[in-house]
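Only one structure is covered here, and it is reproduced in the block below.
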Amino acid sequence: MARRLTPTYHLVEELLTYTSKLIVQESGSNLVAFSGGVDSSLAAALVHQVSSNHERMNARAVLGISPAVPAHQIQLAREVAESIGIPLVEVRTEEKMLEEYVSNTGDACYACKTALYSALEAVTNYVDGEMAGDGDGYVLFNGTNKDDLKDQTRVGLIAAENFNVASPLRHVTKDEVRAAAKYLGLPNWNHAASPCLRSRLAFGVEATQSHLKLIEDSENLVRQALGWENEVTKNMRVRMLSKSRAVIEIDSGEDLEVSRGKIEEFGIPETLRRIGFKGGLAEVRHFKSGSIAAVSSTRSYQDESIIHIETVSGVTDRNDRIVA
């Protein structure tokens, strides 16, 4: 029986055609900034599928490892990369050494993405050496979609422009991303968004390793309290406000009173204070994306200003060999 050509089929075909125009051909390298989220996963799947049509498969997914990436997200990224079939390189990024990042006063995302793309450029030397070829350049990819481009708080997009990062998804919406990911069988097509842990920190709360670890540990505790250890489709955040106060945000589809009851019963308020939220639990409320985001007074997505920073990155493959 002939396969019915659905609208999603045509969407995926259009994405593959567009991706084929972006990639560098057989003698170069195509590297995808990969987090395990649905956007970068779809970008990786598209780049992998298109490059697999060449005699020399030259695509890699690159996962940035830092204190801002929780352990469960790293494991998910590994599983999704394996599902796609794209080789995965893990690279330690050093945004924690940058004042713009640690101060968290509006340019943290820009500094973080600059560190990430600098690390990806360093990976190209390793990839070109491992994949014997003439090394005819490289292309860096991310999973920026059409909806992202409308968000002025995403100053990391400026860093992407500075590094000439391409996105196969820039002309499709988030809903279309999920539809295409489902069509291609990506296991995380319906997962809730999982941005880096730094995004939980209110403007001016320093992005230190201890703060990021506190957020990760706290979110794990709240998941246990709600019985969400294996829940992947619902949003939940523990946010850190000034004076070490915590805010818990629960998926908008959940009954807040029921959720508050579970959190109280599990002893979360006392535990949060004990492990580092000295100001205690200020509120349990419904989740809102970017609820504590701030735009730099000197930088927005339309701004063309550039800062120059240096990063020191160690690159490892899945066997933890030092490769760059």
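Numbering starts fresh at 1 for the residues of each chain in the structure tokens, the chains themselves are lettered A, B, ... in the order given, and ligands are numbered from 1 as they appear.
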Give the alpha helix (DSSP H) residues of region 25-221 of chain A, as assigned by DSSP on the backbone, as a ChimeraX atom specification.
-> /A:38-51,71-84,99-103,108-130,156-162,174-183,209-221
Take CA of Tyr9 (chain A) and CA of Lys150 (chain A) and report the distance between them in Å, one decimal.
->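 We find that CA of Tyr9 (chain A) and CA of Lys150 (chain A) lie 26.1 Å from each other.
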Would you mind listing what lies within 9 Å of Phe163 (chain A) as number ranges by chain, with only C-alpha atoms counted and same-chain residues fewer than 6 positions away left out?
-> A: 114, 117-118, 140
Output for the residues just chosen: N, CA, C and O atoms as a compact mmCIF listing (two decimals), in the first residue's frame:
# COMPACT_ATOMS: atom_id res chain seq x y z
N THR A 114 28.66 32.04 23.41
CA THR A 114 29.97 32.34 22.82
C THR A 114 30.99 31.28 23.22
O THR A 114 31.77 30.80 22.40
N TYR A 117 30.06 27.99 21.23
CA TYR A 117 30.44 27.97 19.82
C TYR A 117 31.96 28.02 19.64
O TYR A 117 32.50 27.48 18.67
N SER A 118 32.65 28.66 20.58
CA SER A 118 34.12 28.60 20.54
C SER A 118 34.59 27.16 20.72
O SER A 118 35.53 26.72 20.06
N LEU A 140 28.63 25.21 11.56
CA LEU A 140 28.06 24.99 12.88
C LEU A 140 26.54 25.17 12.79
O LEU A 140 26.06 26.09 12.14
Report the residues of region 27-269 of chain A whose backbone DSSP state falls under strand (DSSP E), written as a PyMOL selection string.
-> chain A and resi 29-34+59-65+88-92+138-141+236-241+245-250
Would you list the contacts of Leu46 (chain A) as a PDB file with N, CA, C and O atoms, in the first residue's frame, taking every protein, DNA or RNA residue within 12 Å and counting only C-alpha atoms, but skipping same-chain residues closer than 4 positions in sequence?
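Now in out.pdb:
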ATOM      1  N   LEU A  11       6.371  18.684   5.227  1.00  0.00           N
ATOM      2  CA  LEU A  11       7.166  19.540   6.110  1.00  0.00           C
ATOM      3  C   LEU A  11       8.579  18.973   6.261  1.00  0.00           C
ATOM      4  O   LEU A  11       9.574  19.710   6.133  1.00  0.00           O
ATOM      5  N   VAL A  12       8.670  17.686   6.528  1.00  0.00           N
ATOM      6  CA  VAL A  12       9.977  17.060   6.712  1.00  0.00           C
ATOM      7  C   VAL A  12      10.792  17.109   5.423  1.00  0.00           C
ATOM      8  O   VAL A  12      12.008  17.381   5.451  1.00  0.00           O
ATOM      9  N   GLU A  13      10.148  16.884   4.299  1.00  0.00           N
ATOM     10  CA  GLU A  13      10.861  16.950   3.020  1.00  0.00           C
ATOM     11  C   GLU A  13      11.402  18.355   2.770  1.00  0.00           C
ATOM     12  O   GLU A  13      12.526  18.518   2.281  1.00  0.00           O
ATOM     13  N   GLU A  14      10.611  19.358   3.102  1.00  0.00           N
ATOM     14  CA  GLU A  14      11.072  20.733   2.942  1.00  0.00           C
ATOM     15  C   GLU A  14      12.256  21.032   3.864  1.00  0.00           C
ATOM     16  O   GLU A  14      13.210  21.715   3.472  1.00  0.00           O
ATOM     17  N   LEU A  15      12.204  20.502   5.094  1.00  0.00           N
ATOM     18  CA  LEU A  15      13.309  20.697   6.032  1.00  0.00           C
ATOM     19  C   LEU A  15      14.577  20.020   5.530  1.00  0.00           C
ATOM     20  O   LEU A  15      15.677  20.575   5.636  1.00  0.00           O
ATOM     21  N   LEU A  16      14.436  18.836   4.989  1.00  0.00           N
ATOM     22  CA  LEU A  16      15.600  18.121   4.460  1.00  0.00           C
ATOM     23  C   LEU A  16      16.193  18.865   3.259  1.00  0.00           C
ATOM     24  O   LEU A  16      17.421  18.974   3.123  1.00  0.00           O
ATOM     25  N   THR A  17      15.336  19.391   2.412  1.00  0.00           N
ATOM     26  CA  THR A  17      15.811  20.147   1.247  1.00  0.00           C
ATOM     27  C   THR A  17      16.559  21.400   1.683  1.00  0.00           C
ATOM     28  O   THR A  17      17.642  21.712   1.162  1.00  0.00           O
ATOM     29  N   TYR A  18      15.985  22.106   2.664  1.00  0.00           N
ATOM     30  CA  TYR A  18      16.638  23.318   3.162  1.00  0.00           C
ATOM     31  C   TYR A  18      17.967  22.978   3.829  1.00  0.00           C
ATOM     32  O   TYR A  18      18.975  23.670   3.624  1.00  0.00           O
ATOM     33  N   THR A  19      17.985  21.905   4.608  1.00  0.00           N
ATOM     34  CA  THR A  19      19.221  21.493   5.287  1.00  0.00           C
ATOM     35  C   THR A  19      20.311  21.160   4.281  1.00  0.00           C
ATOM     36  O   THR A  19      21.491  21.477   4.496  1.00  0.00           O
ATOM     37  N   SER A  20      19.924  20.521   3.184  1.00  0.00           N
ATOM     38  CA  SER A  20      20.909  20.139   2.162  1.00  0.00           C
ATOM     39  C   SER A  20      21.608  21.349   1.558  1.00  0.00           C
ATOM     40  O   SER A  20      22.728  21.246   1.057  1.00  0.00           O
ATOM     41  N   LYS A  21      20.953  22.510   1.633  1.00  0.00           N
ATOM     42  CA  LYS A  21      21.559  23.728   1.105  1.00  0.00           C
ATOM     43  C   LYS A  21      22.498  24.386   2.110  1.00  0.00           C
ATOM     44  O   LYS A  21      23.288  25.263   1.740  1.00  0.00           O
ATOM     45  N   LEU A  22      22.422  23.958   3.364  1.00  0.00           N
ATOM     46  CA  LEU A  22      23.232  24.576   4.419  1.00  0.00           C
ATOM     47  C   LEU A  22      24.522  23.826   4.701  1.00  0.00           C
ATOM     48  O   LEU A  22      25.515  24.425   5.102  1.00  0.00           O
ATOM     49  N   ILE A  23      24.499  22.512   4.536  1.00  0.00           N
ATOM     50  CA  ILE A  23      25.638  21.708   4.990  1.00  0.00           C
ATOM     51  C   ILE A  23      26.847  21.896   4.089  1.00  0.00           C
ATOM     52  O   ILE A  23      26.735  22.230   2.915  1.00  0.00           O
ATOM     53  N   ASN A  30      30.231  19.036   9.578  1.00  0.00           N
ATOM     54  CA  ASN A  30      28.977  19.631  10.007  1.00  0.00           C
ATOM     55  C   ASN A  30      28.761  19.295  11.473  1.00  0.00           C
ATOM     56  O   ASN A  30      28.600  18.130  11.835  1.00  0.00           O
ATOM     57  N   LEU A  31      28.786  20.321  12.336  1.00  0.00           N
ATOM     58  CA  LEU A  31      28.695  20.114  13.774  1.00  0.00           C
ATOM     59  C   LEU A  31      27.437  20.778  14.318  1.00  0.00           C
ATOM     60  O   LEU A  31      27.202  21.958  14.066  1.00  0.00           O
ATOM     61  N   VAL A  32      26.654  20.008  15.062  1.00  0.00           N
ATOM     62  CA  VAL A  32      25.399  20.503  15.616  1.00  0.00           C
ATOM     63  C   VAL A  32      25.553  20.736  17.105  1.00  0.00           C
ATOM     64  O   VAL A  32      25.916  19.812  17.851  1.00  0.00           O
ATOM     65  N   ASP A  39      14.459  20.683  19.795  1.00  0.00           N
ATOM     66  CA  ASP A  39      14.924  21.529  18.691  1.00  0.00           C
ATOM     67  C   ASP A  39      16.281  21.063  18.160  1.00  0.00           C
ATOM     68  O   ASP A  39      16.438  20.808  16.964  1.00  0.00           O
ATOM     69  N   SER A  40      17.258  20.962  19.035  1.00  0.00           N
ATOM     70  CA  SER A  40      18.587  20.555  18.571  1.00  0.00           C
ATOM     71  C   SER A  40      18.585  19.094  18.122  1.00  0.00           C
ATOM     72  O   SER A  40      19.382  18.709  17.261  1.00  0.00           O
ATOM     73  N   SER A  41      17.689  18.294  18.668  1.00  0.00           N
ATOM     74  CA  SER A  41      17.591  16.894  18.240  1.00  0.00           C
ATOM     75  C   SER A  41      17.085  16.807  16.806  1.00  0.00           C
ATOM     76  O   SER A  41      17.604  16.022  15.999  1.00  0.00           O
ATOM     77  N   LEU A  42      16.072  17.610  16.486  1.00  0.00           N
ATOM     78  CA  LEU A  42      15.583  17.611  15.102  1.00  0.00           C
ATOM     79  C   LEU A  42      16.658  18.142  14.161  1.00  0.00           C
ATOM     80  O   LEU A  42      16.869  17.590  13.077  1.00  0.00           O
ATOM     81  N   VAL A  50      20.881  14.119   5.952  1.00  0.00           N
ATOM     82  CA  VAL A  50      21.362  14.689   4.693  1.00  0.00           C
ATOM     83  C   VAL A  50      22.825  14.303   4.444  1.00  0.00           C
ATOM     84  O   VAL A  50      23.191  13.901   3.338  1.00  0.00           O
ATOM     85  N   SER A  51      23.659  14.403   5.472  1.00  0.00           N
ATOM     86  CA  SER A  51      25.082  14.091   5.285  1.00  0.00           C
ATOM     87  C   SER A  51      25.304  12.605   5.073  1.00  0.00           C
ATOM     88  O   SER A  51      26.309  12.204   4.475  1.00  0.00           O
ATOM     89  N   SER A  52      24.376  11.770   5.530  1.00  0.00           N
ATOM     90  CA  SER A  52      24.511  10.326   5.341  1.00  0.00           C
ATOM     91  C   SER A  52      24.350   9.924   3.878  1.00  0.00           C
ATOM     92  O   SER A  52      24.713   8.812   3.497  1.00  0.00           O
ATOM     93  N   ASN A  53      23.821  10.836   3.078  1.00  0.00           N
ATOM     94  CA  ASN A  53      23.684  10.557   1.651  1.00  0.00           C
ATOM     95  C   ASN A  53      25.015  10.671   0.922  1.00  0.00           C
ATOM     96  O   ASN A  53      25.124  10.284  -0.235  1.00  0.00           O
ATOM     97  N   ALA A  59      28.941  14.411   9.791  1.00  0.00           N
ATOM     98  CA  ALA A  59      28.145  15.137  10.777  1.00  0.00           C
ATOM     99  C   ALA A  59      28.430  14.616  12.180  1.00  0.00           C
ATOM    100  O   ALA A  59      28.614  13.412  12.386  1.00  0.00           O
ATOM    101  N   ARG A  60      28.459  15.535  13.138  1.00  0.00           N
ATOM    102  CA  ARG A  60      28.609  15.196  14.551  1.00  0.00           C
ATOM    103  C   ARG A  60      27.678  16.067  15.381  1.00  0.00           C
ATOM    104  O   ARG A  60      27.457  17.233  15.045  1.00  0.00           O
ATOM    105  N   ALA A  61      27.148  15.497  16.446  1.00  0.00           N
ATOM    106  CA  ALA A  61      26.453  16.285  17.462  1.00  0.00           C
ATOM    107  C   ALA A  61      27.451  16.593  18.564  1.00  0.00           C
ATOM    108  O   ALA A  61      28.234  15.717  18.960  1.00  0.00           O
ATOM    109  N   ILE A  84      19.181   8.677  17.009  1.00  0.00           N
ATOM    110  CA  ILE A  84      19.345   9.294  15.689  1.00  0.00           C
ATOM    111  C   ILE A  84      20.389   8.552  14.867  1.00  0.00           C
ATOM    112  O   ILE A  84      20.262   8.397  13.655  1.00  0.00           O
ATOM    113  N   GLY A  85      21.434   8.111  15.557  1.00  0.00           N
ATOM    114  CA  GLY A  85      22.545   7.449  14.876  1.00  0.00           C
ATOM    115  C   GLY A  85      23.698   8.378  14.582  1.00  0.00           C
ATOM    116  O   GLY A  85      24.659   7.995  13.914  1.00  0.00           O
ATOM    117  N   ILE A  86      23.641   9.603  15.107  1.00  0.00           N
ATOM    118  CA  ILE A  86      24.697  10.574  14.851  1.00  0.00           C
ATOM    119  C   ILE A  86      25.785  10.427  15.910  1.00  0.00           C
ATOM    120  O   ILE A  86      25.493  10.287  17.097  1.00  0.00           O
ATOM    121  N   PHE A 141      25.811  24.274  13.455  1.00  0.00           N
ATOM    122  CA  PHE A 141      24.353  24.319  13.434  1.00  0.00           C
ATOM    123  C   PHE A 141      23.806  24.418  14.852  1.00  0.00           C
ATOM    124  O   PHE A 141      24.424  23.952  15.809  1.00  0.00           O
ATOM    125  N   ASN A 142      22.615  25.001  14.967  1.00  0.00           N
ATOM    126  CA  ASN A 142      21.866  24.923  16.213  1.00  0.00           C
ATOM    127  C   ASN A 142      20.406  24.633  15.885  1.00  0.00           C
ATOM    128  O   ASN A 142      20.051  24.424  14.722  1.00  0.00           O
ATOM    129  N   GLY A 143      19.550  24.635  16.904  1.00  0.00           N
ATOM    130  CA  GLY A 143      18.145  24.312  16.705  1.00  0.00           C
ATOM    131  C   GLY A 143      17.226  25.502  16.873  1.00  0.00           C
ATOM    132  O   GLY A 143      16.073  25.343  17.287  1.00  0.00           O
ATOM    133  N   SER A 167      20.762  27.360  11.154  1.00  0.00           N
ATOM    134  CA  SER A 167      19.704  26.526  11.735  1.00  0.00           C
ATOM    135  C   SER A 167      18.774  26.025  10.647  1.00  0.00           C
ATOM    136  O   SER A 167      18.189  26.830   9.916  1.00  0.00           O
ATOM    137  N   PRO A 168      18.584  24.706  10.554  1.00  0.00           N
ATOM    138  CA  PRO A 168      17.620  24.157   9.594  1.00  0.00           C
ATOM    139  C   PRO A 168      16.176  24.483   9.969  1.00  0.00           C
ATOM    140  O   PRO A 168      15.273  24.281   9.168  1.00  0.00           O
ATOM    141  N   LEU A 169      15.963  25.008  11.196  1.00  0.00           N
ATOM    142  CA  LEU A 169      14.615  25.179  11.726  1.00  0.00           C
ATOM    143  C   LEU A 169      14.153  26.633  11.765  1.00  0.00           C
ATOM    144  O   LEU A 169      13.075  26.909  12.274  1.00  0.00           O
ATOM    145  N   VAL A 177       8.161  21.943  14.733  1.00  0.00           N
ATOM    146  CA  VAL A 177       9.339  21.179  15.168  1.00  0.00           C
ATOM    147  C   VAL A 177       8.899  19.868  15.822  1.00  0.00           C
ATOM    148  O   VAL A 177       9.418  18.789  15.509  1.00  0.00           O
ATOM    149  N   ALA A 180       7.460  17.411  13.233  1.00  0.00           N
ATOM    150  CA  ALA A 180       8.504  16.793  12.417  1.00  0.00           C
ATOM    151  C   ALA A 180       9.306  15.782  13.232  1.00  0.00           C
ATOM    152  O   ALA A 180       9.670  14.697  12.744  1.00  0.00           O
ATOM    153  N   ALA A 181       9.601  16.135  14.491  1.00  0.00           N
ATOM    154  CA  ALA A 181      10.348  15.219  15.361  1.00  0.00           C
ATOM    155  C   ALA A 181       9.562  13.937  15.608  1.00  0.00           C
ATOM    156  O   ALA A 181      10.120  12.827  15.613  1.00  0.00           O
ATOM    157  N   LEU A 184       9.676  11.732  12.520  1.00  0.00           N
ATOM    158  CA  LEU A 184      10.969  11.055  12.347  1.00  0.00           C
ATOM    159  C   LEU A 184      11.259  10.055  13.462  1.00  0.00           C
ATOM    160  O   LEU A 184      12.298   9.403  13.453  1.00  0.00           O
ATOM    161  N   LEU A 186      11.704  10.645  16.780  1.00  0.00           N
ATOM    162  CA  LEU A 186      12.611  11.062  17.851  1.00  0.00           C
ATOM    163  C   LEU A 186      11.943  10.802  19.201  1.00  0.00           C
ATOM    164  O   LEU A 186      10.794  11.195  19.420  1.00  0.00           O
TER     165      LEU A 186
END
State, in Å with one decimal place, the distance from CA of Val172 (chain A) to CA of Lys146 (chain A).
->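 Taking CA of Val172 (chain A) and CA of Lys146 (chain A), their separation equals 5.2 Å.
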Return the single residue from A:Phe266, A:Asn235, A:Val155, A:Tyr183 that is closest to Thr6 (chain A), with distances computed using only C-alpha atoms.
->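 The answer is A:Tyr183, which sits nearest to Thr6 (chain A).
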Any idea what's packed within 8 Å of Leu281 (chain A), counting only C-alpha atoms, ignoring anything in its chain fewer than 6 positions away? Could you give it as an MDAnalysis selection string?
-> chainID A and resid 245:248 269 272:273
With only C-alpha atoms as the basis for distance, which of A:Met57, A:Leu201, A:Ala166, A:Val38 is at the shortest distance from Arg178 (chain A)?
-> A:Val38
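Using only C-alpha atoms, the contacts of Ile275 (chain A) at a cut-off of 10 Å, with sequence neighbours closer than 3 positions omitted, comprise Leu214, Asp217, Ser218, Glu270, Thr271, Leu272 and Lys278 of chain A.
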Pick from A:Val139, A:Ala77, A:Val62, A:Ile263 nearest to Val284 (chain A), counting only C-alpha atoms | A:Ile263
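For the pair CA of Lys213 (chain A) and CA of Lys243 (chain A), the separation is 17.1 Å.
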Which residue of A:Thr233, A:Gly276, A:Asp151, A:Pro70 approaches Ala192 (chain A) most closely, using only C-alpha atoms | A:Thr233
Find the spatial neighbours of region 95-104 of chain A, counting only C-alpha atoms, within a cut-off of 7 Å - ignore same-chain residues fewer than 2 positions away - and output them as an MDAnalysis selection string.
-> chainID A and resid 93 106:108 111:112 115 203:208
